[in-house]
Amino acid sequence: MTTERTVPLLSARDVSIDFRTMDGVVHAVQDVSFEISPGETVAIVGESGSGKSTTAMALIGLLASGGHVASGSITLDGNELVGASESTLRGIRGRDIGMVPQDPMSNLNPVSKIGTQVAETLLAHGLATRHTVDAKVIEALEAAGIPKAERRAKQYPHELSGGLRQRALIAIGLACNPRLLIADEPTSALDVTVQQTILDQLDVMTTELGTSVLLITHDLGLAAERAERVIVMYRGRIVEQGPALEILENPQHPYTQSLVQAAPSVAAARLQPAAHEPAVRDAAETAPTDTIVEIENLTKVYPVRGMKDGFHAVSNVSLEIPRGKTVSIVGESGSGKTTTARMLLKVIEPTNGTIRFEGKDISKLTKAETRDFRQRVQPVFQDPYSSLNPMFTIERLVGEPLEFYKRGDAKWRRERVKELLDKVALPQSLMRRYPSELSGGQRQRVAIARALALEPDLIVCDEPVSALDVLVQDQILTLLSDLQREQGLSYLFISHDLAVVRLISDYVCVMKDGELVEAATSEEIFANPRDPYTRRLLASIPGNALNIA
């Protein structure tokens with residue numbers, strides 16, 4: 001690809017972006033300057049709130065309400081975009097600058113078929129007529145790697161998998177053959193193997209079209225693997241930019257150094273290695289005698305019309321969770337890992353098999369024993385915003401389990417909430433706030449505090465850090481590890497991210513299509529994966545081959 005810098009396709013010079021709010025003017029982005037050459041891929045990295053997405057939205061005049069470019073210049077092929085009319089910007093969006101947003105479920109119209117949404121883009125820019133649009137829609141979907149494109153065009157977003165929905169967004173973003181594509185966290189919610197497939201497809205399409213790419217991401221491995229240059233943003237400013245590998249292998253700014261250090265890597269060691277690790281053999285053979293959970297031949301079958309034997313979400317899974325240890329289940333979406341966790345939490349009942357908690361079959365617990373079990377086994381979910389009641393204050397959210405199980409009086413519960421917030425390193429001043437007023441990392445800490453309220457023995461963590469930036473992710477993983485060491489907690493950790501699993505786990509179970517394909521100590525899984533599927537998962541991690549620690 002060409003990286004000729006003298007004739008940039010897009011140039012941003014000293015761009016500052018302000019937002020007018022009820023509390024005054026917020027200076028979201030300050031004095032940002034960068035260029036993108038024809039055919040070049042540039043990545044902007046940084047944590048939430050760093051200004052990377054705001055900068056990208058300013059390029060196409062789609063800042064959120066109250067936002068405006070306060071100063072500076074943005075040019076496309078030398079033509080000024082700041083202050084351009086809405087009709088001019090409408091002509092540029094899609095045709096000259098395409099967009100692939102982060103969340104397909106909120107960016108695809110749920111009541112409009114996929115083909116119709118692609119067609120709207122083509123028709124709006126005069127690139128198809130009513131007579132030719134259907135054929136061009138199929139062509140765009142096929143180019144984005146969507147199989148059976150004619151059938152998929154007639155489906156609604158909810159009928160497609162996450163990977164297919166993301167490909168539909170890519171089809172829309174590239175339908176008009178734009179010269180620049182803005183990809184805003186295009187794969188952050190996808191499994192590593194699906195992510196690799198999507199990014200490979202995006203690379204093929206943009207290379208063939210000669211399209212420049214501005215990749216917005218918090219994933220440093222992905223930035224190093226996919227971009228020629230990296231721009232690092234922190235608190236609305238660019239703190240460092242340059243060739244991707246140079247920036248990530250030899251970061252100069254303290255913030256970039258902290259990002260690189262915090263990025264999970266399969267080469268990294270366990271955060272808190274256990275003092276007495278058993279011999280490296282199959283997990284089923286080496287489990288200590290003090291086992292808090294035993295799962296034996298667990299199966300979950302859902303009846304499906306037209307399928308005689310139904311859909312086997314989980315098939316004959318057996319594993320153990322030693323007390324005070326972390327057992328992780330990894331696998332792609334649909335592998336059965338979350339279904340297994342939900343059966344352990346008694347949210348759904350297994351079709352066959354046994355789950356024993358401290359030796360007792362949880363399907364045979366009395367009402368009183370079930371009440372005790374639900375206090376001793378607590379969940380922490382992926383998205384704290386949807387799992388926390390937005391109408392409750394933080395004090396009420398953390399204290400609700402105590403009130404439900406009638407622990408202490410109101411005064412005691414309030415003190416217990418303060419104690420729990422201290423434990424998860426949150427200031428007590430947040431007690432009167434609501435979830436919407438907190439950052440993603442703070443909300444996840446609230447979810448952990450709530451899970452700790454009843455002093456459980458086991459916490460089931462279902463993708464607890466997948467939606468978080470690397471620095472916040474590192475903080476949460478360290479917190480979980482510290483709490484385990486202090487309180488002897490046991491964890492069942494559900495994740496599709498093997499680099500994260502490497503940092504937190506004592507044992508790893510790999511699931512595929514509802515079955516357990518490999519189970520061993522964490523050390524052995526990462527040093528000597530035996531199953532081809534495990535090796536494929538490891539190979540799919542962005543930046544893995546680059547040895548970015």
# chains A, B, ... in the order shown; residues from 1 in each chain; ligands from 1
>>> residues_around(residues="A:Lys360", least_positions_apart="2", cutoff="12 Å", atoms="only C-alpha atoms", output="tab-separated table (two decimals) with N, CA and C atoms, in the first residue's frame")
chain	number	residue	atom	x	y	z
A	291	THR	N	-13.32	-29.90	46.46
A	291	THR	CA	-13.98	-29.40	45.25
A	291	THR	C	-15.32	-28.78	45.63
A	292	ILE	N	-15.54	-27.55	45.19
A	292	ILE	CA	-16.79	-26.88	45.56
A	292	ILE	C	-17.92	-27.24	44.59
A	293	VAL	N	-17.58	-27.45	43.30
A	293	VAL	CA	-18.59	-27.80	42.29
A	293	VAL	C	-18.12	-29.00	41.48
A	294	GLU	N	-19.02	-29.96	41.30
A	294	GLU	CA	-18.77	-31.09	40.41
A	294	GLU	C	-19.90	-31.15	39.38
A	295	ILE	N	-19.53	-31.08	38.12
A	295	ILE	CA	-20.50	-31.17	37.02
A	295	ILE	C	-20.23	-32.47	36.28
A	354	THR	N	-25.71	-34.09	36.24
A	354	THR	CA	-25.76	-33.72	37.66
A	354	THR	C	-24.82	-32.55	37.93
A	355	ILE	N	-25.29	-31.61	38.73
A	355	ILE	CA	-24.44	-30.54	39.26
A	355	ILE	C	-24.47	-30.66	40.78
A	356	ARG	N	-23.30	-30.87	41.38
A	356	ARG	CA	-23.22	-30.97	42.84
A	356	ARG	C	-22.46	-29.76	43.38
A	357	PHE	N	-23.07	-29.11	44.37
A	357	PHE	CA	-22.44	-27.99	45.07
A	357	PHE	C	-22.13	-28.47	46.49
A	358	GLU	N	-20.84	-28.52	46.79
A	358	GLU	CA	-20.38	-29.07	48.07
A	358	GLU	C	-20.99	-30.45	48.32
A	362	ILE	N	-27.83	-30.12	43.16
A	362	ILE	CA	-28.62	-28.89	43.30
A	362	ILE	C	-30.05	-29.06	42.78
A	363	SER	N	-30.30	-30.11	42.00
A	363	SER	CA	-31.67	-30.34	41.53
A	363	SER	C	-32.55	-30.93	42.62
A	364	LYS	N	-31.94	-31.39	43.72
A	364	LYS	CA	-32.70	-32.03	44.81
A	364	LYS	C	-32.69	-31.21	46.09
A	365	LEU	N	-32.28	-29.94	45.97
A	365	LEU	CA	-32.25	-29.09	47.17
A	365	LEU	C	-33.66	-28.75	47.63
A	366	THR	N	-33.84	-28.67	48.94
A	366	THR	CA	-35.12	-28.22	49.49
A	366	THR	C	-35.25	-26.72	49.25
A	369	GLU	N	-32.71	-24.99	51.33
A	369	GLU	CA	-31.37	-25.21	50.81
A	369	GLU	C	-31.14	-24.41	49.52
A	370	THR	N	-32.19	-24.27	48.70
A	370	THR	CA	-32.09	-23.48	47.48
A	370	THR	C	-31.86	-22.01	47.82
A	373	PHE	N	-28.32	-21.73	48.76
A	373	PHE	CA	-27.48	-21.88	47.57
A	373	PHE	C	-27.42	-20.57	46.78
>>> select_by_dssp(residues="stretch 78-226 of chain A", states="strand (DSSP E or B)", output="number ranges by chain")
A: 79-80, 93, 97-100, 180-184, 212-217
>>> select_by_dssp(residues="stretch 303-530 of chain A", states="alpha helix (DSSP H)", output="ChimeraX atom specification")
/A:337-344,367-376,384-387,394-404,410-423,440-452,470-487,498-504,522-527
>>> atom_distance(atom1="atom CA of A:Gln382", atom2="atom CA of A:Leu421")
19.6 Å
>>> residues_around(residues="A:Thr207", least_positions_apart="5", cutoff="12 Å", atoms="only C-alpha atoms", output="list in words")
Met1, Thr2, Pro38, Gly39, Glu40, Thr41, Leu174, Asn177, Arg179, Leu180, Leu181, Leu199, Asp200, Gln201, Leu202, Ser212 and Val213 of chain A
>>> atom_distance(atom1="atom CA of A:Gln196", atom2="atom CA of A:Arg502")
19.6 Å
>>> closest_atom_pairs(of="stretch 5-78 of chain A", to="stretch 255-263 of chain A", cutoff="12 Å", atoms="only C-alpha atoms", output="CSV")
residue,atom,partner,partner_atom,distance
A:Ile44,CA,A:Thr256,CA,11.9
A:Val45,CA,A:Leu259,CA,9.3
A:Gly46,CA,A:Leu259,CA,8.0
A:Glu47,CA,A:Leu259,CA,8.7
A:Ser50,CA,A:Tyr255,CA,11.4
>>> write_last_selection(atoms="C-alpha atoms", output="mmCIF file, in the first residue's frame")
data_model
loop_
_atom_site.group_PDB
_atom_site.id
_atom_site.type_symbol
_atom_site.label_atom_id
_atom_site.label_comp_id
_atom_site.auth_asym_id
_atom_site.auth_seq_id
_atom_site.Cartn_x
_atom_site.Cartn_y
_atom_site.Cartn_z
ATOM 1 C CA ILE A 44 -6.783 5.427 16.654
ATOM 2 C CA VAL A 45 -6.422 3.726 20.031
ATOM 3 C CA GLY A 46 -7.394 4.867 23.505
ATOM 4 C CA GLU A 47 -9.764 4.143 26.339
ATOM 5 C CA SER A 50 -10.399 9.562 25.044
#
>>> closest_atom_pairs(of="stretch 28-113 of chain A", to="stretch 11-22 of chain A", cutoff="7 Å", atoms="only C-alpha atoms", output="tab-separated table")
residue	atom	partner	partner_atom	distance
A:Ala28	CA	A:Asp18	CA	5.6
A:Val29	CA	A:Ile17	CA	4.9
A:Gln30	CA	A:Ser16	CA	4.2
A:Asp31	CA	A:Asp14	CA	4.0
A:Val32	CA	A:Val15	CA	4.8
A:Ser33	CA	A:Arg13	CA	4.5
A:Phe34	CA	A:Ala12	CA	5.3
A:Glu35	CA	A:Ser11	CA	4.5
A:Ile36	CA	A:Ser11	CA	6.5
A:Gly66	CA	A:Arg20	CA	5.0
A:Gly67	CA	A:Phe19	CA	4.2
A:His68	CA	A:Asp18	CA	5.7
A:Val69	CA	A:Ile17	CA	4.5
A:Ala70	CA	A:Ile17	CA	5.3
A:Ser71	CA	A:Ser16	CA	5.3
A:Gly72	CA	A:Val15	CA	4.2
A:Ser73	CA	A:Arg13	CA	5.1
A:Ile74	CA	A:Ala12	CA	4.5
A:Thr75	CA	A:Ser11	CA	5.2
A:Leu76	CA	A:Ser11	CA	6.7
>>> closest_residue(among="A:Ala64, A:Ala43, A:Leu388, A:Leu503", to="A:Ala451", atoms="only C-alpha atoms")
A:Leu388
>>> closest_residue(among="A:Asp290, A:Asp462, A:Asn316, A:Ser490", to="A:Val377", atoms="only C-alpha atoms")
A:Ser490
>>> residues_around(residues="stretch 505-521 of chain A", least_positions_apart="2", cutoff="6 Å", atoms="only C-alpha atoms", output="number ranges by chain")
A: 282-283, 313-315, 317, 326-331, 335-336, 501-502, 523-524
>>> write_last_selection(atoms="N, CA and C atoms", output="mmCIF file, in the first residue's frame")
data_model
loop_
_atom_site.group_PDB
_atom_site.id
_atom_site.type_symbol
_atom_site.label_atom_id
_atom_site.label_comp_id
_atom_site.auth_asym_id
_atom_site.auth_seq_id
_atom_site.Cartn_x
_atom_site.Cartn_y
_atom_site.Cartn_z
ATOM 1 N N ASP A 282 -4.224 -33.574 32.903
ATOM 2 C CA ASP A 282 -5.613 -33.256 32.589
ATOM 3 C C ASP A 282 -6.317 -32.784 33.851
ATOM 4 N N ALA A 283 -7.140 -31.724 33.714
ATOM 5 C CA ALA A 283 -7.799 -31.118 34.878
ATOM 6 C C ALA A 283 -8.632 -32.139 35.638
ATOM 7 N N ALA A 313 -27.677 -27.882 23.137
ATOM 8 C CA ALA A 313 -26.865 -26.709 23.482
ATOM 9 C C ALA A 313 -25.629 -27.113 24.276
ATOM 10 N N VAL A 314 -25.797 -28.130 25.144
ATOM 11 C CA VAL A 314 -24.690 -28.678 25.935
ATOM 12 C C VAL A 314 -24.811 -30.192 25.912
ATOM 13 N N SER A 315 -23.678 -30.890 25.670
ATOM 14 C CA SER A 315 -23.722 -32.351 25.557
ATOM 15 C C SER A 315 -22.653 -33.006 26.428
ATOM 16 N N VAL A 317 -21.152 -32.653 29.375
ATOM 17 C CA VAL A 317 -20.016 -31.876 29.888
ATOM 18 C C VAL A 317 -19.748 -32.260 31.337
ATOM 19 N N THR A 326 -9.853 -20.625 40.066
ATOM 20 C CA THR A 326 -10.616 -20.108 38.938
ATOM 21 C C THR A 326 -10.589 -21.113 37.800
ATOM 22 N N VAL A 327 -11.776 -21.552 37.407
ATOM 23 C CA VAL A 327 -11.924 -22.416 36.244
ATOM 24 C C VAL A 327 -12.598 -21.589 35.149
ATOM 25 N N SER A 328 -11.971 -21.524 33.997
ATOM 26 C CA SER A 328 -12.534 -20.753 32.882
ATOM 27 C C SER A 328 -13.090 -21.693 31.832
ATOM 28 N N ILE A 329 -14.221 -21.298 31.256
ATOM 29 C CA ILE A 329 -14.765 -21.985 30.082
ATOM 30 C C ILE A 329 -14.649 -21.024 28.908
ATOM 31 N N VAL A 330 -13.954 -21.458 27.863
ATOM 32 C CA VAL A 330 -13.773 -20.608 26.688
ATOM 33 C C VAL A 330 -14.381 -21.287 25.468
ATOM 34 N N GLY A 331 -14.719 -20.470 24.495
ATOM 35 C CA GLY A 331 -15.310 -20.980 23.264
ATOM 36 C C GLY A 331 -16.031 -19.862 22.553
ATOM 37 N N SER A 335 -21.111 -22.041 21.734
ATOM 38 C CA SER A 335 -20.353 -23.220 22.164
ATOM 39 C C SER A 335 -20.996 -23.903 23.368
ATOM 40 N N GLY A 336 -21.892 -23.188 24.070
ATOM 41 C CA GLY A 336 -22.566 -23.777 25.224
ATOM 42 C C GLY A 336 -22.032 -23.313 26.559
ATOM 43 N N VAL A 501 -8.316 -14.966 29.693
ATOM 44 C CA VAL A 501 -8.369 -16.228 30.432
ATOM 45 C C VAL A 501 -6.992 -16.596 30.974
ATOM 46 N N ARG A 502 -5.956 -16.319 30.192
ATOM 47 C CA ARG A 502 -4.582 -16.622 30.621
ATOM 48 C C ARG A 502 -4.235 -15.900 31.914
ATOM 49 N N GLU A 523 -1.682 -23.491 32.430
ATOM 50 C CA GLU A 523 -0.319 -23.574 31.917
ATOM 51 C C GLU A 523 -0.231 -24.508 30.714
ATOM 52 N N GLU A 524 -0.868 -25.662 30.825
ATOM 53 C CA GLU A 524 -0.767 -26.639 29.741
ATOM 54 C C GLU A 524 -1.565 -26.209 28.517
#
>>> residues_around(residues="A:Phe381", least_positions_apart="4", cutoff="7 Å", atoms="only C-alpha atoms", output="PyMOL selection string")
chain A and resi 461-464
>>> residues_around(residues="A:Leu480", least_positions_apart="6", cutoff="12 Å", atoms="only C-alpha atoms", output="MDAnalysis selection string")
chainID A and resid 271:272 324:326 380 423:425 444:445 447:449 451:452 459:461 464:465 473:474 486:493 503:505
>>> write_last_selection(atoms="C-alpha atoms", output="compact mmCIF listing (two decimals), in the first residue's frame")
# COMPACT_ATOMS: atom_id res chain seq x y z
CA LEU A 271 -2.07 -12.52 37.64
CA GLN A 272 -1.84 -14.28 40.99
CA GLY A 324 -10.47 -21.06 45.93
CA LYS A 325 -9.51 -21.52 42.27
CA THR A 326 -10.62 -20.11 38.94
CA VAL A 380 -21.45 -11.07 37.51
CA LYS A 423 -13.52 -3.37 48.86
CA VAL A 424 -13.97 -2.76 45.10
CA ALA A 425 -12.09 0.56 45.25
CA GLN A 444 -18.71 -3.39 36.68
CA ARG A 445 -17.20 -2.70 40.12
CA ALA A 447 -21.83 -5.37 39.96
CA ILE A 448 -18.94 -7.09 41.74
CA ALA A 449 -19.73 -5.31 45.03
CA ALA A 451 -22.21 -10.03 44.08
CA LEU A 452 -19.99 -9.87 47.20
CA ILE A 459 -18.97 -16.24 41.70
CA VAL A 460 -19.98 -17.03 38.13
CA CYS A 461 -18.44 -14.36 35.88
CA PRO A 464 -17.27 -9.68 32.85
CA VAL A 465 -14.59 -7.62 31.04
CA GLN A 473 -10.10 -4.58 32.03
CA ASP A 474 -6.73 -4.91 33.76
CA GLU A 486 -8.27 -12.29 50.39
CA GLN A 487 -11.57 -14.17 50.67
CA GLY A 488 -10.85 -17.60 49.21
CA LEU A 489 -13.44 -17.12 46.47
CA SER A 490 -13.95 -19.66 43.72
CA TYR A 491 -14.71 -18.43 40.19
CA LEU A 492 -16.31 -19.92 37.11
CA PHE A 493 -15.10 -17.49 34.45
CA LEU A 503 -4.41 -13.88 33.24
CA ILE A 504 -7.16 -15.11 35.55
CA SER A 505 -7.35 -18.91 35.32
>>> closest_residue(among="A:Met57, A:Val472, A:Val232, A:Val500", to="A:Pro254", atoms="only C-alpha atoms")
A:Val232
>>> residues_around(residues="A:Glu246", least_positions_apart="5", cutoff="12 Å", atoms="only C-alpha atoms", output="ChimeraX atom specification")
/A:223-224,227-231,240-241,251-252,256,546,548
>>> closest_residue(among="A:Pro322, A:Pro104, A:Gly61, A:Pro178", to="A:Ser87", atoms="only C-alpha atoms")
A:Gly61
>>> atom_distance(atom1="atom CA of A:Thr478", atom2="atom CA of A:Asp457")
18.5 Å
>>> closest_residue(among="A:Glu80, A:Asp103, A:Asp372, A:Glu249", to="A:Ala183", atoms="only C-alpha atoms")
A:Asp103
